[in-house]
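Worksheet: the structure to be examined is printed underneath.
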Amino acid sequence: MPIDACHLQIPHTDQVCAWLMQHAGLKTVDLERARRLSTDAGDLLGLLTRLGLVSEIELARAWAGLLGAPLLLADAAPPLLDPLPALTERFMRHYQVVPMGWNQGGLRVLAANPAQAYPFQALAYACQVPVWLAIGPRTEVDTLIERYYGQGRSAMGTLIENLDEQGGALEDIEHLKDMASEAPVIRLVNLILQRAVEQRASDIHIEPFENQLKVRYRIDGVLHDAEAPPASSSAAVISRVKIMARLDIAERRLPQDGRIMLRIQGKELDLRVSTVPTSFGESVVMRLLDRQTVQFDFPSLGFDGQRLAAFLDLLERPHGILLVTGPTGSGKTTTLYTALARLNTTERKIITVEDPVEYQLEGINQIQVKPAIGLDFAGALRSIVRQDPDVIMIGEIRDLETCRIAIQSSLTGHLVLSTLHTNSAAASITRLLDMGVESYLIASTVSGILAQRLVRRLDPATRVAFEAPPELVEEHGLDRLTEQRPILLYRGSYHGRSAITELLVMNDELRSLLMRHADADTLEQAARRAGLRTLHEEGLRQALAGITSLEEVLRVTRGEGA
């Protein structure tokens with residue numbers, strides 16, 4: 001049933017603020033600060049978004065929830081609206097409304113701030129049809145206004161018009177600094193960051209090429225192209241990022257690392273910035289760490305059942321080494337932080353050595369390594385053991401020296417958590433042997449190894465079940481993994497990610513094989529006899545449960561037991 005926009009029971013601003021405090025994390029102190037700064041009570045909500053206290057999408061959700069209206073984005077509107085209502089661009093921008101389609105004998109209107117009924121009544125009068133309400137973020141309303149009544153430019157296209165086309169080619173550092181500090185460049189970079197937050201990106205890649213500047217977002221582990229500024233703005237845009245990260249903009253020959261702390265769309269963000277020189281300029285990658293939304297909770301990561309119980313049992317042991325393995329971006333650090341959050345009690349002293357420290361955990365002593373001044377993993381660990389810790393977390397075991405200190409710490413009664421870059425749990429043992437660690441030390445100290453990957457979750461609201469074709473059932477042995485008949489698989493859109501894991505728990509048979517220098521395949525077969533499920537098998541189980549799709553499991557685990 002469409003919502004009649006002309007006869008709305010419009011909520012008071014205080015009701016909208018109360019919704020934002022309950023559902024969007026708006027703090028009382030921030031709301032009071034905005035009230036003091038607001039000169040117009042009617043503009044309080046707009047001020048909250050301009051100050052970065054609330055995101056535009058959260059404000060839109062608040063209006064949609066209170067009015068019972070649908071929340072829509074510009075993508076839901078047709079490329080062209082025919083017939084196009086004869087409305088002025090100035091009117092629509094002032095009231096933040098725009099027509100987005102004809103349906104059910106009326107005109108659907110997208111509104112960002114439906115605080116009064118007048119603009120909808122004016123639209124109904126001008127078009128001589130009922131007006132149905134939909135809610136959207138302000139940027140989406142502006143996008144549609146530009147599409148239908150402007151020159152079809154995007155928000156970035158509008159900003160690009162104000163750029164100095166020659167600025168990117170100049171080598172003068174002071175001029176480049178001035179360019180990077182000018183309003184259009186600042187707004188361009190802010191827009192790139194804002195869109196990354198809106199699309200739930202974990203990384204932003206800004207890559208200069210000969211004739212273009214590419215911007216890509218990694219969303220749920222997969223890179224997607226995004227709208228980018230012209231190649232002529234490359235130097236200015238990259239210099240702006242480097243200034244924000246407190247990097248040396250004059251140094252373009254060497255890689256640099258930095259951090260940016262800022263608030264975007266109501267979120268406290270910590271961005272890790274890495275630059276490396278390439279043929280056509282510096283490539284920049286920013287890792288977005290959202291302190292507010294990260295959940296250090298095993299079930300929310302995808303751990304459950306017997307696997308979770310066995311992993312928690314390993315965590316409760318007073319000493320030993322517990323390793324988490326997998327390639328870059330497989331969620332190893334998040335798993336370790338979740339383990340630390342569980343272990344973090346008054347009775348335990350926990351110290352970490354990391355490069356870099358990704359999240360600050362209250363009550364835990366976290367050390368950032370600084371190789372430039374001689375503070376590396378091994379050096380920090382030698383000092384840590386004299387600090388009387390109960391639990392030690394090492395960001396990554398990279399060399400034999402670090403590994404030996406970790407083993408010594410375990411032998412002297414500490415629980416040691418760390419990561420390795422290997423493809424499977426069993427391969428981690430052979431990796432330690434290859435590094436030069438004696439087999440008897442591995443057998444006596446390593447208590448368990450968790451290998452993991454991240455798969456994209458299917459959105460429960462849009463996923464569709466279908467009967468698995470017989471050839472797929474036979475190829476992947478699906479009939480051995482479920483008793484359900486017919487066997488169902490799922491497809492649909494993705495939202496968020498889930499961990500698939502394999503847990504190797506060291507037992508007497510594995511220790512015996514290890515002492516005889518068995519290879520990874522032999523160790524894995526022994527672990528499977530003790531109950532290990534491989535990453536591929538665990539992925540198939542999640543596909544059968546509708547958590548993810550079979551295609552996604554094969555994408556992530558191809559070649560690893562598949």
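Residue names in the structure tokens use chain letters A, B, ... in the order shown, residue numbers from 1 in each chain, and ligand numbers from 1 in the order shown.
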**Report entry** All residues 8 Å or closer to region 89-95 of chain A, only C-alpha atoms, same chain fewer than 3 positions away omitted, as a list in words
**Finding:** Val98, Asn113, Pro119, Asp142, Ile145, Tyr149 and Gly150 of chain A
Would you mind exporting the chosen residues as a PDB file, in the first residue's frame, restricted to N, CA, C and O atoms?
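Written out: selection-v3.pdb:
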ATOM      1  N   VAL A  98      12.346  14.800  -5.205  1.00  0.00           N
ATOM      2  CA  VAL A  98      12.492  14.607  -6.649  1.00  0.00           C
ATOM      3  C   VAL A  98      11.566  13.479  -7.086  1.00  0.00           C
ATOM      4  O   VAL A  98      11.427  12.471  -6.388  1.00  0.00           O
ATOM      5  N   ASN A 113      14.081  14.761   3.383  1.00  0.00           N
ATOM      6  CA  ASN A 113      13.707  15.419   4.635  1.00  0.00           C
ATOM      7  C   ASN A 113      12.215  15.759   4.620  1.00  0.00           C
ATOM      8  O   ASN A 113      11.836  16.919   4.420  1.00  0.00           O
ATOM      9  N   PRO A 119       5.723  20.665   0.285  1.00  0.00           N
ATOM     10  CA  PRO A 119       6.277  20.330  -1.037  1.00  0.00           C
ATOM     11  C   PRO A 119       5.522  19.205  -1.735  1.00  0.00           C
ATOM     12  O   PRO A 119       5.381  19.221  -2.960  1.00  0.00           O
ATOM     13  N   ASP A 142      19.896  14.291  -4.711  1.00  0.00           N
ATOM     14  CA  ASP A 142      20.673  15.191  -5.578  1.00  0.00           C
ATOM     15  C   ASP A 142      21.061  14.495  -6.876  1.00  0.00           C
ATOM     16  O   ASP A 142      21.066  15.112  -7.952  1.00  0.00           O
ATOM     17  N   ILE A 145      17.978  14.494  -9.125  1.00  0.00           N
ATOM     18  CA  ILE A 145      17.704  15.847  -9.633  1.00  0.00           C
ATOM     19  C   ILE A 145      18.649  16.168 -10.782  1.00  0.00           C
ATOM     20  O   ILE A 145      18.242  16.696 -11.830  1.00  0.00           O
ATOM     21  N   TYR A 149      16.934  16.727 -14.249  1.00  0.00           N
ATOM     22  CA  TYR A 149      16.741  18.165 -14.483  1.00  0.00           C
ATOM     23  C   TYR A 149      18.047  18.936 -14.687  1.00  0.00           C
ATOM     24  O   TYR A 149      18.033  20.102 -15.036  1.00  0.00           O
ATOM     25  N   GLY A 150      19.191  18.294 -14.426  1.00  0.00           N
ATOM     26  CA  GLY A 150      20.468  18.971 -14.606  1.00  0.00           C
ATOM     27  C   GLY A 150      21.135  18.524 -15.890  1.00  0.00           C
ATOM     28  O   GLY A 150      20.486  18.265 -16.902  1.00  0.00           O
TER      29      GLY A 150
END
Compile a residue-level contact table for region 446-486 of chain A against region 326-349 of chain A at a cut-off of 8 Å, reporting for every qualifying residue the shortest atom pair and its distance in Å to one decimal, with only C-alpha atoms counted, rows ordered by chain and ascending number, as a Markdown table.
| residue | atom | partner | partner_atom | distance |
| --- | --- | --- | --- | --- |
| A:Ala451 | CA | A:Gly326 | CA | 5.7 |
| A:Gln452 | CA | A:Gly326 | CA | 5.7 |
| A:Arg453 | CA | A:Ser330 | CA | 4.8 |
| A:Leu454 | CA | A:Ser330 | CA | 5.5 |
Requested in this report: Might you pull out every residue within 8 Å of Val369 (chain A), with only C-alpha atoms counted and same-chain residues fewer than 6 positions away left off, and present them as a list in words?
Outcome: Val353, Glu354, Asp355, Pro356, Leu375, Asp376, Phe377 and Ala380 of chain A
Query raised in the report: Nearest to Ser424 (chain A) among A:Leu503, A:Ala134, A:Ile238, A:Ala69, with distances taken over only C-alpha atoms: which residue is it?
Result: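 Under the stated criterion, the closest residue is A:Leu503.
Close contacts of Ile384 (chain A), defined as residues with an atom at most 10 Å away when counting only C-alpha atoms, with chain neighbours fewer than 3 positions off set aside, comprise Ile351, Thr352, Val353, Ile367, Ala378, Gly379, Ala380, Leu381, Gln387, Asp388, Pro389, Ile392 and Ser409 of chain A.
Interatomic distance, CA of Pro114 (chain A) against CA of Ala86 (chain A): 20.8 Å.
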Report task. Considering only C-alpha atoms, return as a list in words whatever protein or nucleic-acid residues lie within 9 Å of Val241 (chain A), sequence-local ones (same chain, fewer than 3 positions apart) excluded. Result ->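 Returned residues: Ala180, Val189, Ala236, Val237, Ile238, Met244, Ala245, Arg246, Leu247, Ile260, Val273 and Val284 of chain A.
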Query - Nearest-residue call for Asp290 (chain A), choices A:Leu223, A:Ala196, A:Val416, A:Ala250, using only C-alpha atoms - result: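 Of A:Leu223, A:Ala196, A:Val416, A:Ala250, the one nearest Asp290 (chain A), counting only C-alpha atoms, is A:Ala196.
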Report task. Skip Ala310 (chain A) itself and residues of its chain fewer than 3 positions away, then list as a PyMOL selection string all residues within 12 Å of it, counting only C-alpha atoms. Result -> chain A and resi 303-307+313-317+447-450+502-506+531-532
Output of the above residues as a PDB file, in the first residue's frame, restricted to N, CA and C atoms:
ATOM      1  N   PHE A 303      31.590 -18.932  13.567  1.00  0.00           N
ATOM      2  CA  PHE A 303      31.993 -20.101  14.366  1.00  0.00           C
ATOM      3  C   PHE A 303      30.768 -20.650  15.091  1.00  0.00           C
ATOM      4  N   ASP A 304      30.602 -21.962  15.089  1.00  0.00           N
ATOM      5  CA  ASP A 304      29.498 -22.539  15.862  1.00  0.00           C
ATOM      6  C   ASP A 304      29.755 -24.023  16.111  1.00  0.00           C
ATOM      7  N   GLY A 305      28.902 -24.594  16.930  1.00  0.00           N
ATOM      8  CA  GLY A 305      28.883 -26.040  17.158  1.00  0.00           C
ATOM      9  C   GLY A 305      30.167 -26.603  17.724  1.00  0.00           C
ATOM     10  N   GLN A 306      30.496 -27.806  17.260  1.00  0.00           N
ATOM     11  CA  GLN A 306      31.633 -28.559  17.794  1.00  0.00           C
ATOM     12  C   GLN A 306      32.953 -27.825  17.525  1.00  0.00           C
ATOM     13  N   ARG A 307      33.048 -27.168  16.356  1.00  0.00           N
ATOM     14  CA  ARG A 307      34.270 -26.440  16.011  1.00  0.00           C
ATOM     15  C   ARG A 307      34.545 -25.336  17.024  1.00  0.00           C
ATOM     16  N   ASP A 313      38.113 -24.608  23.892  1.00  0.00           N
ATOM     17  CA  ASP A 313      38.866 -25.489  24.788  1.00  0.00           C
ATOM     18  C   ASP A 313      40.372 -25.217  24.679  1.00  0.00           C
ATOM     19  N   LEU A 314      40.860 -25.001  23.453  1.00  0.00           N
ATOM     20  CA  LEU A 314      42.277 -24.667  23.251  1.00  0.00           C
ATOM     21  C   LEU A 314      42.626 -23.334  23.909  1.00  0.00           C
ATOM     22  N   LEU A 315      41.681 -22.374  23.833  1.00  0.00           N
ATOM     23  CA  LEU A 315      41.923 -21.050  24.432  1.00  0.00           C
ATOM     24  C   LEU A 315      42.031 -21.116  25.951  1.00  0.00           C
ATOM     25  N   GLU A 316      41.354 -22.064  26.541  1.00  0.00           N
ATOM     26  CA  GLU A 316      41.346 -22.149  27.998  1.00  0.00           C
ATOM     27  C   GLU A 316      42.572 -22.863  28.564  1.00  0.00           C
ATOM     28  N   ARG A 317      43.401 -23.417  27.708  1.00  0.00           N
ATOM     29  CA  ARG A 317      44.608 -24.087  28.198  1.00  0.00           C
ATOM     30  C   ARG A 317      45.605 -23.048  28.717  1.00  0.00           C
ATOM     31  N   SER A 447      49.483 -26.502  20.258  1.00  0.00           N
ATOM     32  CA  SER A 447      48.293 -27.224  20.735  1.00  0.00           C
ATOM     33  C   SER A 447      47.204 -27.298  19.673  1.00  0.00           C
ATOM     34  N   GLY A 448      47.160 -26.318  18.780  1.00  0.00           N
ATOM     35  CA  GLY A 448      46.136 -26.346  17.745  1.00  0.00           C
ATOM     36  C   GLY A 448      46.425 -25.338  16.653  1.00  0.00           C
ATOM     37  N   ILE A 449      45.878 -25.598  15.451  1.00  0.00           N
ATOM     38  CA  ILE A 449      46.042 -24.690  14.309  1.00  0.00           C
ATOM     39  C   ILE A 449      44.684 -24.524  13.646  1.00  0.00           C
ATOM     40  N   LEU A 450      44.281 -23.268  13.482  1.00  0.00           N
ATOM     41  CA  LEU A 450      43.006 -22.943  12.834  1.00  0.00           C
ATOM     42  C   LEU A 450      43.303 -22.296  11.491  1.00  0.00           C
ATOM     43  N   GLU A 502      39.014 -24.708   9.327  1.00  0.00           N
ATOM     44  CA  GLU A 502      39.369 -26.096   9.648  1.00  0.00           C
ATOM     45  C   GLU A 502      40.282 -26.042  10.862  1.00  0.00           C
ATOM     46  N   LEU A 503      39.985 -26.870  11.846  1.00  0.00           N
ATOM     47  CA  LEU A 503      40.714 -26.834  13.112  1.00  0.00           C
ATOM     48  C   LEU A 503      41.466 -28.146  13.322  1.00  0.00           C
ATOM     49  N   LEU A 504      42.788 -28.036  13.394  1.00  0.00           N
ATOM     50  CA  LEU A 504      43.636 -29.188  13.679  1.00  0.00           C
ATOM     51  C   LEU A 504      44.039 -29.116  15.150  1.00  0.00           C
ATOM     52  N   VAL A 505      43.624 -30.129  15.930  1.00  0.00           N
ATOM     53  CA  VAL A 505      43.990 -30.209  17.342  1.00  0.00           C
ATOM     54  C   VAL A 505      45.085 -31.263  17.486  1.00  0.00           C
ATOM     55  N   MET A 506      46.218 -30.855  18.030  1.00  0.00           N
ATOM     56  CA  MET A 506      47.354 -31.767  18.141  1.00  0.00           C
ATOM     57  C   MET A 506      47.011 -32.932  19.077  1.00  0.00           C
ATOM     58  N   GLY A 531      38.732 -36.143  13.345  1.00  0.00           N
ATOM     59  CA  GLY A 531      37.563 -35.276  13.270  1.00  0.00           C
ATOM     60  C   GLY A 531      37.739 -33.976  12.516  1.00  0.00           C
ATOM     61  N   LEU A 532      38.891 -33.716  11.921  1.00  0.00           N
ATOM     62  CA  LEU A 532      39.088 -32.472  11.175  1.00  0.00           C
ATOM     63  C   LEU A 532      38.208 -32.441   9.934  1.00  0.00           C
TER      64      LEU A 532
END
**Report entry** Residue neighbourhood Ala443 (chain A), 10 Å, only C-alpha atoms, exclusion window fewer than 5 positions, as a PyMOL selection string
**Finding:** chain A and resi 429+438+506-508+510-515
Requested in this report: Could you check how far CA of Leu420 (chain A) sits from CA of Leu312 (chain A), in Å to one decimal?
Outcome: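 Those two atoms sit 19.6 Å apart.
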Report task. Could you tell me, as a ChimeraX atom specification, which residues of region 48-175 of chain A DSSP assigns to strand (DSSP E) when given the backbone? Result -> /A:97-103,106-111,131-135
Writer output for current selection, C-alpha atoms, as an mmCIF file, in the first residue's frame:
data_model
loop_
_atom_site.group_PDB
_atom_site.id
_atom_site.type_symbol
_atom_site.label_atom_id
_atom_site.label_comp_id
_atom_site.auth_asym_id
_atom_site.auth_seq_id
_atom_site.Cartn_x
_atom_site.Cartn_y
_atom_site.Cartn_z
ATOM 1 C CA VAL A 97 12.440 16.082 -3.141
ATOM 2 C CA VAL A 98 12.492 14.607 -6.649
ATOM 3 C CA PRO A 99 10.051 12.520 -8.739
ATOM 4 C CA MET A 100 11.342 8.997 -9.355
ATOM 5 C CA GLY A 101 8.576 7.170 -11.238
ATOM 6 C CA TRP A 102 4.901 6.911 -12.167
ATOM 7 C CA ASN A 103 2.958 4.041 -10.590
ATOM 8 C CA GLY A 106 0.307 8.524 -9.036
ATOM 9 C CA LEU A 107 3.796 9.978 -8.879
ATOM 10 C CA ARG A 108 6.387 8.369 -6.595
ATOM 11 C CA VAL A 109 8.558 11.029 -4.975
ATOM 12 C CA LEU A 110 11.902 10.475 -3.266
ATOM 13 C CA ALA A 111 12.380 12.750 -0.243
ATOM 14 C CA VAL A 131 1.942 11.694 -4.647
ATOM 15 C CA TRP A 132 3.383 8.508 -3.098
ATOM 16 C CA LEU A 133 6.275 8.862 -0.655
ATOM 17 C CA ALA A 134 9.668 7.104 -0.713
ATOM 18 C CA ILE A 135 12.626 8.041 1.501
#
From a backbone DSSP assignment, name each residue in region 399-496 of chain A labelled alpha helix (DSSP H), as a compact mmCIF listing (two decimals) with N, CA and C atoms, in the first residue's frame.
# COMPACT_ATOMS: atom_id res chain seq x y z
N LEU A 400 62.60 -17.41 12.00
CA LEU A 400 62.98 -18.44 12.97
C LEU A 400 63.19 -17.86 14.36
N GLU A 401 63.79 -16.67 14.44
CA GLU A 401 64.07 -16.09 15.75
C GLU A 401 62.77 -15.82 16.51
N THR A 402 61.80 -15.22 15.83
CA THR A 402 60.50 -14.95 16.46
C THR A 402 59.84 -16.25 16.89
N CYS A 403 59.92 -17.26 16.02
CA CYS A 403 59.31 -18.56 16.32
C CYS A 403 59.95 -19.20 17.55
N ARG A 404 61.28 -19.12 17.66
CA ARG A 404 61.96 -19.72 18.81
C ARG A 404 61.56 -19.05 20.11
N ILE A 405 61.42 -17.72 20.09
CA ILE A 405 61.02 -17.00 21.32
C ILE A 405 59.58 -17.38 21.68
N ALA A 406 58.71 -17.53 20.66
CA ALA A 406 57.32 -17.95 20.93
C ALA A 406 57.30 -19.33 21.57
N ILE A 407 58.14 -20.24 21.06
CA ILE A 407 58.21 -21.60 21.62
C ILE A 407 58.74 -21.56 23.05
N GLN A 408 59.78 -20.75 23.28
CA GLN A 408 60.34 -20.64 24.63
C GLN A 408 59.30 -20.08 25.60
N SER A 409 58.51 -19.10 25.12
CA SER A 409 57.45 -18.52 25.97
C SER A 409 56.42 -19.56 26.34
N SER A 410 56.08 -20.41 25.36
CA SER A 410 55.10 -21.46 25.61
C SER A 410 55.63 -22.48 26.62
N LEU A 411 56.91 -22.84 26.46
CA LEU A 411 57.51 -23.83 27.37
C LEU A 411 57.62 -23.31 28.80
N ALA A 425 45.77 -26.00 7.66
CA ALA A 425 46.27 -26.20 9.02
C ALA A 425 47.49 -27.12 9.01
N ALA A 426 47.42 -28.21 8.25
CA ALA A 426 48.54 -29.16 8.23
C ALA A 426 49.78 -28.55 7.59
N ALA A 427 49.58 -27.67 6.60
CA ALA A 427 50.73 -27.04 5.93
C ALA A 427 51.49 -26.12 6.88
N SER A 428 50.84 -25.67 7.95
CA SER A 428 51.52 -24.79 8.91
C SER A 428 52.64 -25.54 9.64
N ILE A 429 52.42 -26.83 9.88
CA ILE A 429 53.45 -27.62 10.57
C ILE A 429 54.69 -27.74 9.70
N THR A 430 54.47 -28.08 8.40
CA THR A 430 55.62 -28.19 7.51
C THR A 430 56.29 -26.84 7.30
N ARG A 431 55.51 -25.76 7.36
CA ARG A 431 56.10 -24.42 7.24
C ARG A 431 57.05 -24.15 8.41
N LEU A 432 56.65 -24.51 9.61
CA LEU A 432 57.51 -24.33 10.79
C LEU A 432 58.78 -25.18 10.66
N LEU A 433 58.63 -26.42 10.14
CA LEU A 433 59.80 -27.28 9.93
C LEU A 433 60.75 -26.64 8.90
N ASP A 434 60.16 -26.08 7.83
CA ASP A 434 60.97 -25.44 6.79
C ASP A 434 61.72 -24.22 7.34
N MET A 435 61.13 -23.55 8.33
CA MET A 435 61.77 -22.39 8.93
C MET A 435 62.97 -22.80 9.79
N SER A 439 61.32 -30.69 15.15
CA SER A 439 60.00 -31.34 15.20
C SER A 439 59.56 -31.59 16.63
N TYR A 440 60.50 -31.92 17.53
CA TYR A 440 60.09 -32.22 18.91
C TYR A 440 59.58 -30.97 19.62
N LEU A 441 60.09 -29.79 19.23
CA LEU A 441 59.60 -28.54 19.83
C LEU A 441 58.19 -28.22 19.34
N ILE A 442 57.94 -28.46 18.05
CA ILE A 442 56.58 -28.24 17.52
C ILE A 442 55.61 -29.18 18.22
N ALA A 443 55.99 -30.45 18.33
CA ALA A 443 55.11 -31.46 18.94
C ALA A 443 54.78 -31.12 20.38
N SER A 444 55.73 -30.54 21.11
CA SER A 444 55.51 -30.30 22.54
C SER A 444 54.87 -28.94 22.84
N THR A 445 54.82 -28.02 21.86
CA THR A 445 54.29 -26.68 22.16
C THR A 445 53.02 -26.33 21.39
N PRO A 470 21.82 -33.17 -10.29
CA PRO A 470 22.51 -34.43 -9.92
C PRO A 470 24.01 -34.39 -10.17
N GLU A 471 24.43 -33.71 -11.26
CA GLU A 471 25.86 -33.68 -11.56
C GLU A 471 26.65 -32.91 -10.50
N LEU A 472 26.05 -31.82 -9.93
CA LEU A 472 26.71 -31.08 -8.86
C LEU A 472 26.76 -31.91 -7.58
N VAL A 473 25.67 -32.63 -7.30
CA VAL A 473 25.63 -33.48 -6.11
C VAL A 473 26.74 -34.52 -6.17
N GLU A 474 26.90 -35.13 -7.36
CA GLU A 474 27.91 -36.18 -7.51
C GLU A 474 29.32 -35.59 -7.47
N GLU A 475 29.52 -34.47 -8.19
CA GLU A 475 30.85 -33.88 -8.29
C GLU A 475 31.40 -33.47 -6.93
N HIS A 476 30.53 -32.93 -6.07
CA HIS A 476 31.00 -32.39 -4.78
C HIS A 476 30.62 -33.27 -3.59
Requested in this report: Enter the distance from CA of Leu417 (chain A) to CA of Phe311 (chain A), in Å, rounded to one decimal.
Outcome: 12.2 Å
Query raised in the report: Restricting the calculation to only C-alpha atoms, which member of A:Gly221, A:Gly496, A:Pro277, A:Pro137 is positioned closest to Leu301 (chain A)?
Result: A:Gly496
